[in-house]
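So the structure is just underneath, and the comments pick up after that.
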Amino acid sequence: MNDPKLDYINEFPVELVNPDISPYKTSNTGVDYIITLDSGLSGPHVFISSIVHGNEPCGALALDWFLKNDYRPLNGKLTLGFMNIEAYLAFDPLNPNRTRWVDEDFNRLWTEGVLEDPKRKRTSEFVRANEVKNIVSEVDYLLDIHSMQKTLCSSYDGWNA
Ligand SMILES: [Zn+2]
């Protein structure tokens, strides 16, 4: 986590506590931290991804809540994915920006051919993206949860509504 692009001031304190995701490492998909809940009935396969960026714990909070409450899809399959594990495990609420990624932005690896490029540097994110790409490519719908530590428009006071 030495990318100088991540050396910027954090404007707001982190008030959320990132959940312990270690119970989700061992999964039923063959890929660590990727869990599939299968209703056994036909229907769409939906994927909800979290922590594409290690400094965005809201998705992990949502998936942790979902799994702890043992919700299940009524039909089809639901896959819950914790994506950038190495960055998330390094999360530091006092300097959250540093753990956005380890080597590079996980979200910038999904252009066609990037993950198959044999000449590409095998960064932490490149390796993890290759681990999850097969299951991501087979789903019908994907919801990718991100969160922000700043408002888009600081003069808009509707955020507290
Ligand atoms: Zn993000």
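Just remember, in the structure tokens the first chain shown is A, the second B, etc., residues are 1-based per chain, and ligands are 1-based in the order shown.
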
Mind listing the residues within 12 Å of ligand 1, only C-alpha atoms and all ligand atoms counted, as a PyMOL selection string?
chain A and resi 49-60+83-84+87-88+97+99-101+105-108+144-149

Would you mind listing, for every residue of stretch 25-56 of chain A within 6 Å of stretch 61-81 of chain A, the two atoms forming the shortest contact and the distance between them in Å to one decimal, using only C-alpha atoms, sorted by chain and ascending residue number, as JSON lines?
{"residue": "A:Ile34", "atom": "CA", "partner": "A:Gly81", "partner_atom": "CA", "distance": 4.4}
{"residue": "A:Ile35", "atom": "CA", "partner": "A:Leu80", "partner_atom": "CA", "distance": 5.2}
{"residue": "A:Thr36", "atom": "CA", "partner": "A:Thr79", "partner_atom": "CA", "distance": 4.1}
{"residue": "A:Leu37", "atom": "CA", "partner": "A:Leu78", "partner_atom": "CA", "distance": 5.1}
{"residue": "A:Asp38", "atom": "CA", "partner": "A:Lys77", "partner_atom": "CA", "distance": 4.4}
{"residue": "A:Ser39", "atom": "CA", "partner": "A:Asn75", "partner_atom": "CA", "distance": 5.1}
{"residue": "A:Leu41", "atom": "CA", "partner": "A:Asn75", "partner_atom": "CA", "distance": 5.0}
{"residue": "A:Ser42", "atom": "CA", "partner": "A:Gly76", "partner_atom": "CA", "distance": 4.9}
{"residue": "A:Gly43", "atom": "CA", "partner": "A:Gly76", "partner_atom": "CA", "distance": 3.6}
{"residue": "A:Pro44", "atom": "CA", "partner": "A:Gly76", "partner_atom": "CA", "distance": 4.9}
{"residue": "A:His45", "atom": "CA", "partner": "A:Lys77", "partner_atom": "CA", "distance": 4.5}
{"residue": "A:Val46", "atom": "CA", "partner": "A:Leu78", "partner_atom": "CA", "distance": 4.8}
{"residue": "A:Phe47", "atom": "CA", "partner": "A:Thr79", "partner_atom": "CA", "distance": 4.6}
{"residue": "A:Ile48", "atom": "CA", "partner": "A:Leu80", "partner_atom": "CA", "distance": 5.0}
{"residue": "A:Ser49", "atom": "CA", "partner": "A:Gly81", "partner_atom": "CA", "distance": 4.6}

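In this structure, atom CA of A:Leu109 sits 25.3 Å away from atom CA of A:Asn10.
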
Can you work out the spacing between atom CA of A:Asp32 and atom CA of A:Arg128 in Å, to one decimal?
9.9 Å

Strand (DSSP E) residues, from DSSP on the backbone, in chain A, as number ranges by chain:
A: 34-38, 45-50, 77-82, 141-144

Å distance separating atom CA of A:Val127 from atom CA of A:Gly30, one decimal place:
15.1 Å
